[in-house]
Amino acid sequence: MRRRSDNRLPPPDRGRDSARDVERWSAEILDRLGEALYGLDAQGRLRFASRRALEIWGLPAEQVIGRPLVEVLPAIADTDTWAAIERGYRNGEESRLCDVSAVMGRWIEVHIHPVSGGGVIVSLRDIEDRRRAVMERELAVQALARNERYYRALAEMGAAAHWRARPDGYILESRGWEVLTGQSAEDLRGDGWTRLLHPEDVAAATAAWKEAVETQQPVKVDYRLRTRAGAWLWVRARAVPVRDERGRMIGWSGVVEDIDAGKRAETALRESEARFQRAVEAAQVGTWEWDAVNDVITGSPGREERLLGRPTGFIRNLATALEAVHPEDRDMVRQALQRVISRETDEYEAEFRTVWPNGSIRWLRSIGRATAGPDGRVRNLSGVTLDVTNQVQARQRHAVLAHEVDHRAKNLLAVVQAMLLLTPLDRLGAAEALKARVAALARAHSLLAEVGWTDVELADLVRAELTGFATRPVELTGPVVRLRPGAVQPLAMVLHELAANAVKFGALAGPDGRVSVTWLVTGQGGPLASLVLQWREEGGPAVSGSPAHRGFGTRVIENTIRAQLGGTIQRHWNPAGFACEITLPLGRVASAEPG
């Protein structure tokens with residue numbers, strides 16, 4: 001690229017004052033974004049630099065603007081970034097690359113956008129920490145692969161699964177897969193695992209596995225997986241061939257790891273970069289100028305109309321612009337403009353909805369600044385418009401979630417308050433009993449929080465509430481039943497009281513006692529479908545009959561089942577041990593009938 005020896009800027013062209021005002025205000029608005037970006041003209045001279053870029057360089061604007069970039073930063077001349085800038089000049093080629101900053105000595109991500117007139121816009125982002133985090137994650141995964149015990153621990157948590165296959169790719173078994181997905185070991189074998197993949201990911205995942213088997217090379221593939229909770233989870237499957245001492249292929253060893261958080265972060269980052277791309281291309285997207293004297297709106301051809309869902313040339317004056325604004329927001333936009341016209345402020349800012357011809361709603365944010373004439377009247381208003389639909393929807397989702405959490409917390413506090421009022425605190429052990437009941441509520445609350453206040457599996461709830469009571473594993477038998485959030489805490493209290501009574505008076509009072517919990521669904525598919533929960537105790541002290549005194553725990557069980565869950569309970573004091581059968585309306589406690 002040729003560089004001019006004379007770095008002085010040409011004399012100003014007064015005929016372009018308006019365009020330069022647009023450029024200056026656009027640069028100032030983009031500067032608010034806090035991103036590091038700068039623009040070069042056709043001779044490689046800096047036309048503007050954001051505040052963040054100047055901070056990185058450690059130079060004031062007056063020492064930078066108007067000078068060639070290689071003169072301001074000589075070290076950039078030998079970098080890949082400068083080579084990409086030169087390609088942008090020669091070929092008009094847009095580039096995106098990662099390079100080590102000649103100023104910071106850190107890894108940066110660089111975007112180079114050629115613009116009309118021969119110049120380029122360069123944006124950069126510090127990715128040193130992100131790159132280090134990725135490398136650390138890779139090292140951690142490699143370390144886990146060297147120790148099978150870690151795989152087992154991860155599998156128990158549902159975070160990963162360790163699997164093996166025959167040389168021909170036939171899947172034999174997996175530790176942790178059933179915990180993660182709910183699919184049985186029998187259904188997993190062969191190509192059964194593919195039935196849990198997202199339909200859009202099946203072809204790519206199976207093709208990658210087939211190629212690895214044919215070439216006997218390690219494989220790494222990402223796909224979405226249906227979990228036990230019914231949600232889609234991004235996972236990464238890795239596998240390496242296993243050979244004997246003679247080098248012959250004897251099978252495959254692989255691992256499935258949870259990368260959902262990273263994938264979602266990448267998706268969010270791509271969306272953020274797309275919005276940023278629209279913002280920095282101010283000369284092409286959403287740049288506008290309103291001639292307030294003649295009521296004429298000009299700007300980047302077609303771009304402003306696209307944001308408003310209108311054809312090119314639709315926006316001609318203030319009336320046509322307001323026509324695209326949601327009727328409920330027009331007065332707010334007019335008032336914001338009026339404050340500028342009346343000189344209450346020089347800055348215009350409005351966030352409003354626009355209604356597209358197809359009826360869809362988009363949220364826009366428009367920012368501008370006024371220019372006054374010699375008489376003090378506003379002559380022009382220049383600025384940019386950005387689509388902020390995603391941000392507004394995110395705020396709305398956050399508000400809904402905050403309301404839900406507040407609602408759940410109030411319900412929980414109400415239950416605790418009721419226990420405090422009803423528990424006879426003057427009896428021996430009352431404080432410990434109350435503490436245990438609050439802990440039972442807390443466990444149910446934790447289960448709900450873990451699944452985002454959605455459905456909880458009945459088996460998980462039973463297991464959580466009986467942990468710590470039994471000296472040996474409790475036998476659990478029944479189909480997959482997903483409980484509604486509103487039924488989780490009441491049923492947790494019932495299970496807690498049954499277990500507490502078994503510890504005090506029943507099978508769990510001695511070392512040889514056993515408890516089994518069985519559930520089934522009756523009348524499935526009909527309006528009278530019920531969930532039947534059976535509690536049986538064996539091996540405990542002999543049972544002589546029903547107790548003469550109904551304690552607080554018994555009243556809690558009866559009131560909860562009948563009043564809160566709409567069910568019934570039958571008790572049996574058999575000589576072999578206490579048993580009870582709880583019948584609950586399926587539609588009231590379960591989100592869907594078991595499949």
# chains A, B, ... in the order shown; residues from 1 in each chain; ligands from 1
call {"tool": "select_by_dssp", "arguments": {"residues": "stretch 186-377 of chain A", "states": "strand (DSSP E or B)", "output": "ChimeraX atom specification"}}
result
/A:190,197,219-226,232-243,249-258,287-291,296-299,325,347-355,361-372
call {"tool": "residues_around", "arguments": {"residues": "A:Arg106", "least_positions_apart": "2", "cutoff": "12 Å", "atoms": "only C-alpha atoms", "output": "list of chain:residue names"}}
result
A:Ile56, A:Cys98, A:Asp99, A:Val100, A:Ser101, A:Ala102, A:Val103, A:Met104, A:Ile108, A:Glu109, A:Leu124, A:Arg125, A:Asp126, A:Ile127, A:Glu128, A:Asp129, A:Arg130, A:Arg131, A:Arg132
call {"tool": "write_last_selection", "arguments": {"atoms": "all heavy atoms", "output": "compact mmCIF listing (two decimals), in the first residue's frame"}}
result
# COMPACT_ATOMS: atom_id res chain seq x y z
N ILE A 56 -5.89 1.73 25.14
CA ILE A 56 -4.98 0.61 24.86
C ILE A 56 -3.65 1.12 24.34
O ILE A 56 -2.58 0.64 24.74
CB ILE A 56 -5.63 -0.35 23.86
CG1 ILE A 56 -6.83 -1.06 24.52
CG2 ILE A 56 -4.63 -1.38 23.36
CD1 ILE A 56 -7.63 -1.92 23.57
N CYS A 98 -7.41 -13.75 14.68
CA CYS A 98 -6.88 -13.64 16.04
C CYS A 98 -5.37 -13.40 15.93
O CYS A 98 -4.69 -14.08 15.14
CB CYS A 98 -7.16 -14.89 16.84
SG CYS A 98 -8.93 -15.19 17.12
N ASP A 99 -4.87 -12.45 16.70
CA ASP A 99 -3.47 -12.07 16.60
C ASP A 99 -3.01 -11.61 17.97
O ASP A 99 -3.82 -11.30 18.86
CB ASP A 99 -3.30 -10.95 15.56
CG ASP A 99 -1.86 -10.76 15.11
OD1 ASP A 99 -1.00 -11.58 15.52
OD2 ASP A 99 -1.57 -9.82 14.36
N VAL A 100 -1.68 -11.55 18.16
CA VAL A 100 -1.12 -11.01 19.39
C VAL A 100 -0.96 -9.51 19.21
O VAL A 100 -0.33 -9.05 18.24
CB VAL A 100 0.23 -11.66 19.73
CG1 VAL A 100 0.83 -11.01 20.98
CG2 VAL A 100 0.06 -13.15 19.94
N SER A 101 -1.54 -8.73 20.12
CA SER A 101 -1.48 -7.28 20.01
C SER A 101 -0.04 -6.78 20.12
O SER A 101 0.69 -7.16 21.05
CB SER A 101 -2.34 -6.63 21.11
OG SER A 101 -2.11 -5.24 21.17
N ALA A 102 0.36 -5.93 19.16
CA ALA A 102 1.70 -5.37 19.20
C ALA A 102 1.86 -4.37 20.34
O ALA A 102 2.98 -4.03 20.71
CB ALA A 102 2.01 -4.67 17.86
N VAL A 103 0.74 -3.91 20.90
CA VAL A 103 0.80 -2.92 21.99
C VAL A 103 0.66 -3.60 23.35
O VAL A 103 1.45 -3.39 24.26
CB VAL A 103 -0.30 -1.86 21.81
CG1 VAL A 103 -0.29 -0.88 22.99
CG2 VAL A 103 -0.12 -1.12 20.51
N MET A 104 -0.37 -4.48 23.49
CA MET A 104 -0.66 -5.09 24.79
C MET A 104 0.11 -6.38 25.03
O MET A 104 0.26 -6.81 26.16
CB MET A 104 -2.16 -5.38 24.90
CG MET A 104 -3.04 -4.16 24.84
SD MET A 104 -4.79 -4.61 25.15
CE MET A 104 -5.13 -5.57 23.68
N ILE A 108 -5.78 -10.90 20.77
CA ILE A 108 -6.95 -10.09 20.46
C ILE A 108 -7.68 -10.70 19.26
O ILE A 108 -7.09 -11.40 18.45
CB ILE A 108 -6.59 -8.62 20.16
CG1 ILE A 108 -5.59 -8.56 18.99
CG2 ILE A 108 -6.05 -7.91 21.39
CD1 ILE A 108 -5.28 -7.13 18.53
N GLU A 109 -8.97 -10.41 19.18
CA GLU A 109 -9.78 -10.78 18.01
C GLU A 109 -10.01 -9.51 17.21
O GLU A 109 -10.49 -8.50 17.75
CB GLU A 109 -11.11 -11.38 18.46
CG GLU A 109 -11.95 -11.90 17.32
CD GLU A 109 -13.25 -12.49 17.83
OE1 GLU A 109 -14.05 -11.72 18.39
OE2 GLU A 109 -13.45 -13.71 17.67
N LEU A 124 -11.38 -4.34 17.58
CA LEU A 124 -10.61 -5.39 18.23
C LEU A 124 -11.16 -5.66 19.62
O LEU A 124 -11.77 -4.78 20.24
CB LEU A 124 -9.12 -5.02 18.29
CG LEU A 124 -8.72 -3.70 18.97
CD1 LEU A 124 -8.39 -3.95 20.43
CD2 LEU A 124 -7.55 -3.07 18.26
N ARG A 125 -10.95 -6.87 20.05
CA ARG A 125 -11.46 -7.30 21.37
C ARG A 125 -10.41 -8.17 22.05
O ARG A 125 -9.85 -9.07 21.43
CB ARG A 125 -12.76 -8.06 21.19
CG ARG A 125 -13.39 -8.54 22.49
CD ARG A 125 -14.75 -9.12 22.24
NE ARG A 125 -15.66 -8.11 21.71
CZ ARG A 125 -16.83 -8.39 21.15
NH1 ARG A 125 -17.23 -9.63 21.06
NH2 ARG A 125 -17.60 -7.42 20.69
N ASP A 126 -10.17 -7.91 23.32
CA ASP A 126 -9.19 -8.69 24.10
C ASP A 126 -9.79 -10.06 24.40
O ASP A 126 -10.82 -10.19 25.06
CB ASP A 126 -8.88 -7.93 25.40
CG ASP A 126 -7.73 -8.59 26.18
OD1 ASP A 126 -7.43 -9.77 25.94
OD2 ASP A 126 -7.16 -7.90 27.01
N ILE A 127 -9.14 -11.13 23.88
CA ILE A 127 -9.63 -12.50 24.12
C ILE A 127 -8.60 -13.33 24.88
O ILE A 127 -8.67 -14.56 24.88
CB ILE A 127 -9.99 -13.19 22.78
CG1 ILE A 127 -8.74 -13.31 21.89
CG2 ILE A 127 -11.11 -12.48 22.07
CD1 ILE A 127 -8.94 -14.18 20.67
N GLU A 128 -7.61 -12.66 25.50
CA GLU A 128 -6.55 -13.39 26.20
C GLU A 128 -7.15 -14.28 27.30
O GLU A 128 -6.81 -15.47 27.39
CB GLU A 128 -5.56 -12.40 26.81
CG GLU A 128 -4.42 -13.05 27.60
CD GLU A 128 -3.39 -13.70 26.70
OE1 GLU A 128 -3.40 -13.41 25.48
OE2 GLU A 128 -2.58 -14.50 27.19
N ASP A 129 -8.05 -13.73 28.11
CA ASP A 129 -8.61 -14.50 29.21
C ASP A 129 -9.48 -15.64 28.69
O ASP A 129 -9.45 -16.76 29.23
CB ASP A 129 -9.44 -13.59 30.11
CG ASP A 129 -8.56 -12.56 30.82
OD1 ASP A 129 -7.34 -12.79 30.94
OD2 ASP A 129 -9.11 -11.54 31.26
N ARG A 130 -10.27 -15.37 27.63
CA ARG A 130 -11.12 -16.42 27.08
C ARG A 130 -10.27 -17.54 26.49
O ARG A 130 -10.57 -18.72 26.67
CB ARG A 130 -12.04 -15.82 26.00
CG ARG A 130 -13.07 -16.82 25.47
CD ARG A 130 -13.99 -16.17 24.49
NE ARG A 130 -13.32 -15.80 23.27
CZ ARG A 130 -13.88 -15.13 22.26
NH1 ARG A 130 -15.14 -14.75 22.36
NH2 ARG A 130 -13.21 -14.84 21.18
N ARG A 131 -9.18 -17.17 25.79
CA ARG A 131 -8.31 -18.18 25.18
C ARG A 131 -7.63 -19.02 26.28
O ARG A 131 -7.51 -20.24 26.17
CB ARG A 131 -7.25 -17.49 24.32
CG ARG A 131 -6.36 -18.42 23.52
CD ARG A 131 -5.50 -17.62 22.54
NE ARG A 131 -4.65 -18.49 21.77
CZ ARG A 131 -3.45 -18.89 22.13
NH1 ARG A 131 -2.96 -18.51 23.31
NH2 ARG A 131 -2.73 -19.68 21.37
N ARG A 132 -7.19 -18.34 27.37
CA ARG A 132 -6.57 -19.07 28.46
C ARG A 132 -7.57 -20.03 29.11
O ARG A 132 -7.22 -21.15 29.48
CB ARG A 132 -6.02 -18.08 29.49
CG ARG A 132 -5.26 -18.77 30.64
CD ARG A 132 -4.74 -17.76 31.64
NE ARG A 132 -3.77 -16.86 31.03
CZ ARG A 132 -3.98 -15.58 30.84
NH1 ARG A 132 -5.15 -15.05 31.21
NH2 ARG A 132 -3.07 -14.80 30.27
call {"tool": "residues_around", "arguments": {"residues": "A:Val221", "least_positions_apart": "4", "cutoff": "7 Å", "atoms": "only C-alpha atoms", "output": "ChimeraX atom specification"}}
result
/A:205,208,236-238
call {"tool": "atom_distance", "arguments": {"atom1": "atom CA of A:Arg316", "atom2": "atom CA of A:Ile297"}}
result
5.2 Å
call {"tool": "residues_around", "arguments": {"residues": "stretch 186-198 of chain A", "least_positions_apart": "3", "cutoff": "7 Å", "atoms": "only C-alpha atoms", "output": "PyMOL selection string"}}
result
chain A and resi 170-173+183+201-202+224-226
call {"tool": "residues_around", "arguments": {"residues": "stretch 553-560 of chain A", "least_positions_apart": "6", "cutoff": "7 Å", "atoms": "only C-alpha atoms", "output": "JSON, numbers by chain"}}
result
{"A": [490, 494, 497]}
call {"tool": "atom_distance", "arguments": {"atom1": "atom CA of A:Ser253", "atom2": "atom CA of A:Pro218"}}
result
9.8 Å
call {"tool": "closest_residue", "arguments": {"among": "A:Val515, A:Val355, A:Leu565, A:Ile85", "to": "A:Met493", "atoms": "only C-alpha atoms"}}
result
A:Leu565
call {"tool": "atom_distance", "arguments": {"atom1": "atom CA of A:Val340", "atom2": "atom CA of A:Arg353"}}
result
20.6 Å
call {"tool": "closest_residue", "arguments": {"among": "A:Trp209, A:Val543, A:Lys220, A:Ala229", "to": "A:Glu178", "atoms": "only C-alpha atoms"}}
result
A:Ala229
call {"tool": "residues_around", "arguments": {"residues": "stretch 319-322 of chain A", "least_positions_apart": "5", "cutoff": "12 Å", "atoms": "only C-alpha atoms", "output": "ChimeraX atom specification"}}
result
/A:288-290,295-298,304-305,307-311,313-314,327-334,337,352-355,366
call {"tool": "write_last_selection", "arguments": {"atoms": "C-alpha atoms", "output": "CSV table (one decimal), in the first residue's frame"}}
result
chain,number,residue,atom,x,y,z
A,288,TRP,CA,-29.9,9.1,9.8
A,289,GLU,CA,-30.1,12.9,9.7
A,290,TRP,CA,-33.2,15.0,10.1
A,295,ASP,CA,-38.5,18.3,7.5
A,296,VAL,CA,-36.4,16.0,5.4
A,297,ILE,CA,-34.9,12.7,6.7
A,298,THR,CA,-31.8,11.3,4.9
A,304,GLU,CA,-33.2,2.6,8.4
A,305,GLU,CA,-36.2,1.2,6.6
A,307,LEU,CA,-35.0,-1.7,10.9
A,308,LEU,CA,-38.6,-0.5,10.6
A,309,GLY,CA,-39.7,-3.2,8.2
A,310,ARG,CA,-40.4,-0.8,5.4
A,311,PRO,CA,-39.3,-0.6,1.8
A,313,GLY,CA,-37.4,5.2,0.3
A,314,PHE,CA,-40.3,5.0,2.7
A,327,PRO,CA,-49.2,4.0,18.1
A,328,GLU,CA,-48.7,3.8,21.9
A,329,ASP,CA,-45.1,5.0,21.6
A,330,ARG,CA,-45.6,7.9,19.2
A,331,ASP,CA,-46.3,10.6,21.8
A,332,MET,CA,-43.2,9.5,23.7
A,333,VAL,CA,-41.0,9.9,20.5
A,334,ARG,CA,-42.6,13.3,19.7
A,337,LEU,CA,-37.9,15.3,19.8
A,352,PHE,CA,-39.7,2.4,21.2
A,353,ARG,CA,-41.6,-0.3,19.4
A,354,THR,CA,-42.1,-0.6,15.6
A,355,VAL,CA,-44.8,-2.6,14.0
A,366,SER,CA,-32.5,5.7,18.6
call {"tool": "decode", "arguments": {"residues": "stretch 121-134 of chain A", "atoms": "all heavy atoms", "output": "PDB file, in the first residue's frame"}}
result
ATOM      1  N   ILE A 121     -12.577   0.124   8.574  1.00  0.00           N
ATOM      2  CA  ILE A 121     -12.900   0.244  10.003  1.00  0.00           C
ATOM      3  C   ILE A 121     -12.364  -1.012  10.677  1.00  0.00           C
ATOM      4  O   ILE A 121     -12.608  -2.131  10.218  1.00  0.00           O
ATOM      5  CB  ILE A 121     -14.412   0.369  10.229  1.00  0.00           C
ATOM      6  CG1 ILE A 121     -14.931   1.694   9.650  1.00  0.00           C
ATOM      7  CG2 ILE A 121     -14.740   0.293  11.720  1.00  0.00           C
ATOM      8  CD1 ILE A 121     -16.433   1.857   9.764  1.00  0.00           C
ATOM      9  N   VAL A 122     -11.618  -0.839  11.760  1.00  0.00           N
ATOM     10  CA  VAL A 122     -10.989  -1.951  12.463  1.00  0.00           C
ATOM     11  C   VAL A 122     -11.528  -1.981  13.893  1.00  0.00           C
ATOM     12  O   VAL A 122     -11.507  -0.953  14.591  1.00  0.00           O
ATOM     13  CB  VAL A 122      -9.447  -1.820  12.483  1.00  0.00           C
ATOM     14  CG1 VAL A 122      -8.825  -3.011  13.198  1.00  0.00           C
ATOM     15  CG2 VAL A 122      -8.899  -1.701  11.066  1.00  0.00           C
ATOM     16  N   SER A 123     -12.051  -3.124  14.302  1.00  0.00           N
ATOM     17  CA  SER A 123     -12.487  -3.301  15.691  1.00  0.00           C
ATOM     18  C   SER A 123     -11.691  -4.445  16.295  1.00  0.00           C
ATOM     19  O   SER A 123     -11.342  -5.402  15.606  1.00  0.00           O
ATOM     20  CB  SER A 123     -13.984  -3.612  15.750  1.00  0.00           C
ATOM     21  OG  SER A 123     -14.258  -4.829  15.113  1.00  0.00           O
ATOM     22  N   LEU A 124     -11.379  -4.335  17.578  1.00  0.00           N
ATOM     23  CA  LEU A 124     -10.607  -5.392  18.230  1.00  0.00           C
ATOM     24  C   LEU A 124     -11.159  -5.656  19.621  1.00  0.00           C
ATOM     25  O   LEU A 124     -11.772  -4.781  20.244  1.00  0.00           O
ATOM     26  CB  LEU A 124      -9.115  -5.020  18.285  1.00  0.00           C
ATOM     27  CG  LEU A 124      -8.722  -3.699  18.969  1.00  0.00           C
ATOM     28  CD1 LEU A 124      -8.388  -3.949  20.432  1.00  0.00           C
ATOM     29  CD2 LEU A 124      -7.547  -3.066  18.256  1.00  0.00           C
ATOM     30  N   ARG A 125     -10.951  -6.865  20.053  1.00  0.00           N
ATOM     31  CA  ARG A 125     -11.460  -7.296  21.365  1.00  0.00           C
ATOM     32  C   ARG A 125     -10.410  -8.172  22.048  1.00  0.00           C
ATOM     33  O   ARG A 125      -9.850  -9.070  21.427  1.00  0.00           O
ATOM     34  CB  ARG A 125     -12.763  -8.063  21.189  1.00  0.00           C
ATOM     35  CG  ARG A 125     -13.393  -8.543  22.487  1.00  0.00           C
ATOM     36  CD  ARG A 125     -14.753  -9.125  22.238  1.00  0.00           C
ATOM     37  NE  ARG A 125     -15.655  -8.110  21.706  1.00  0.00           N
ATOM     38  CZ  ARG A 125     -16.832  -8.391  21.154  1.00  0.00           C
ATOM     39  NH1 ARG A 125     -17.230  -9.630  21.056  1.00  0.00           N
ATOM     40  NH2 ARG A 125     -17.600  -7.424  20.692  1.00  0.00           N
ATOM     41  N   ASP A 126     -10.167  -7.914  23.322  1.00  0.00           N
ATOM     42  CA  ASP A 126      -9.194  -8.687  24.097  1.00  0.00           C
ATOM     43  C   ASP A 126      -9.786 -10.062  24.396  1.00  0.00           C
ATOM     44  O   ASP A 126     -10.816 -10.185  25.061  1.00  0.00           O
ATOM     45  CB  ASP A 126      -8.884  -7.930  25.402  1.00  0.00           C
ATOM     46  CG  ASP A 126      -7.733  -8.588  26.175  1.00  0.00           C
ATOM     47  OD1 ASP A 126      -7.426  -9.774  25.936  1.00  0.00           O
ATOM     48  OD2 ASP A 126      -7.155  -7.905  27.011  1.00  0.00           O
ATOM     49  N   ILE A 127      -9.143 -11.131  23.884  1.00  0.00           N
ATOM     50  CA  ILE A 127      -9.628 -12.503  24.115  1.00  0.00           C
ATOM     51  C   ILE A 127      -8.600 -13.327  24.879  1.00  0.00           C
ATOM     52  O   ILE A 127      -8.670 -14.558  24.878  1.00  0.00           O
ATOM     53  CB  ILE A 127      -9.986 -13.191  22.781  1.00  0.00           C
ATOM     54  CG1 ILE A 127      -8.738 -13.308  21.888  1.00  0.00           C
ATOM     55  CG2 ILE A 127     -11.113 -12.477  22.073  1.00  0.00           C
ATOM     56  CD1 ILE A 127      -8.937 -14.182  20.671  1.00  0.00           C
ATOM     57  N   GLU A 128      -7.607 -12.656  25.496  1.00  0.00           N
ATOM     58  CA  GLU A 128      -6.553 -13.393  26.200  1.00  0.00           C
ATOM     59  C   GLU A 128      -7.145 -14.285  27.297  1.00  0.00           C
ATOM     60  O   GLU A 128      -6.813 -15.468  27.393  1.00  0.00           O
ATOM     61  CB  GLU A 128      -5.558 -12.403  26.809  1.00  0.00           C
ATOM     62  CG  GLU A 128      -4.415 -13.047  27.597  1.00  0.00           C
ATOM     63  CD  GLU A 128      -3.387 -13.698  26.696  1.00  0.00           C
ATOM     64  OE1 GLU A 128      -3.399 -13.415  25.481  1.00  0.00           O
ATOM     65  OE2 GLU A 128      -2.576 -14.504  27.190  1.00  0.00           O
ATOM     66  N   ASP A 129      -8.053 -13.727  28.108  1.00  0.00           N
ATOM     67  CA  ASP A 129      -8.612 -14.498  29.213  1.00  0.00           C
ATOM     68  C   ASP A 129      -9.479 -15.644  28.694  1.00  0.00           C
ATOM     69  O   ASP A 129      -9.454 -16.760  29.233  1.00  0.00           O
ATOM     70  CB  ASP A 129      -9.437 -13.587  30.114  1.00  0.00           C
ATOM     71  CG  ASP A 129      -8.557 -12.562  30.824  1.00  0.00           C
ATOM     72  OD1 ASP A 129      -7.336 -12.792  30.940  1.00  0.00           O
ATOM     73  OD2 ASP A 129      -9.110 -11.540  31.258  1.00  0.00           O
ATOM     74  N   ARG A 130     -10.270 -15.370  27.632  1.00  0.00           N
ATOM     75  CA  ARG A 130     -11.116 -16.417  27.077  1.00  0.00           C
ATOM     76  C   ARG A 130     -10.273 -17.540  26.489  1.00  0.00           C
ATOM     77  O   ARG A 130     -10.572 -18.718  26.667  1.00  0.00           O
ATOM     78  CB  ARG A 130     -12.041 -15.824  26.005  1.00  0.00           C
ATOM     79  CG  ARG A 130     -13.066 -16.817  25.465  1.00  0.00           C
ATOM     80  CD  ARG A 130     -13.993 -16.166  24.488  1.00  0.00           C
ATOM     81  NE  ARG A 130     -13.322 -15.801  23.270  1.00  0.00           N
ATOM     82  CZ  ARG A 130     -13.883 -15.134  22.264  1.00  0.00           C
ATOM     83  NH1 ARG A 130     -15.138 -14.751  22.361  1.00  0.00           N
ATOM     84  NH2 ARG A 130     -13.210 -14.840  21.177  1.00  0.00           N
ATOM     85  N   ARG A 131      -9.183 -17.171  25.790  1.00  0.00           N
ATOM     86  CA  ARG A 131      -8.307 -18.178  25.185  1.00  0.00           C
ATOM     87  C   ARG A 131      -7.635 -19.016  26.280  1.00  0.00           C
ATOM     88  O   ARG A 131      -7.512 -20.236  26.172  1.00  0.00           O
ATOM     89  CB  ARG A 131      -7.250 -17.487  24.320  1.00  0.00           C
ATOM     90  CG  ARG A 131      -6.357 -18.424  23.522  1.00  0.00           C
ATOM     91  CD  ARG A 131      -5.499 -17.618  22.543  1.00  0.00           C
ATOM     92  NE  ARG A 131      -4.655 -18.490  21.769  1.00  0.00           N
ATOM     93  CZ  ARG A 131      -3.446 -18.891  22.131  1.00  0.00           C
ATOM     94  NH1 ARG A 131      -2.957 -18.508  23.310  1.00  0.00           N
ATOM     95  NH2 ARG A 131      -2.728 -19.682  21.372  1.00  0.00           N
ATOM     96  N   ARG A 132      -7.195 -18.339  27.367  1.00  0.00           N
ATOM     97  CA  ARG A 132      -6.565 -19.069  28.456  1.00  0.00           C
ATOM     98  C   ARG A 132      -7.565 -20.026  29.111  1.00  0.00           C
ATOM     99  O   ARG A 132      -7.216 -21.149  29.480  1.00  0.00           O
ATOM    100  CB  ARG A 132      -6.021 -18.080  29.492  1.00  0.00           C
ATOM    101  CG  ARG A 132      -5.259 -18.766  30.636  1.00  0.00           C
ATOM    102  CD  ARG A 132      -4.736 -17.765  31.641  1.00  0.00           C
ATOM    103  NE  ARG A 132      -3.767 -16.860  31.032  1.00  0.00           N
ATOM    104  CZ  ARG A 132      -3.984 -15.576  30.838  1.00  0.00           C
ATOM    105  NH1 ARG A 132      -5.149 -15.045  31.208  1.00  0.00           N
ATOM    106  NH2 ARG A 132      -3.070 -14.800  30.273  1.00  0.00           N
ATOM    107  N   ALA A 133      -8.825 -19.554  29.248  1.00  0.00           N
ATOM    108  CA  ALA A 133      -9.845 -20.414  29.855  1.00  0.00           C
ATOM    109  C   ALA A 133     -10.099 -21.651  29.008  1.00  0.00           C
ATOM    110  O   ALA A 133     -10.280 -22.757  29.533  1.00  0.00           O
ATOM    111  CB  ALA A 133     -11.152 -19.625  30.042  1.00  0.00           C
ATOM    112  N   VAL A 134     -10.129 -21.472  27.671  1.00  0.00           N
ATOM    113  CA  VAL A 134     -10.331 -22.624  26.787  1.00  0.00           C
ATOM    114  C   VAL A 134      -9.180 -23.614  26.920  1.00  0.00           C
ATOM    115  O   VAL A 134      -9.382 -24.834  26.994  1.00  0.00           O
ATOM    116  CB  VAL A 134     -10.470 -22.153  25.327  1.00  0.00           C
ATOM    117  CG1 VAL A 134     -10.455 -23.343  24.371  1.00  0.00           C
ATOM    118  CG2 VAL A 134     -11.750 -21.353  25.149  1.00  0.00           C
TER     119      VAL A 134
END
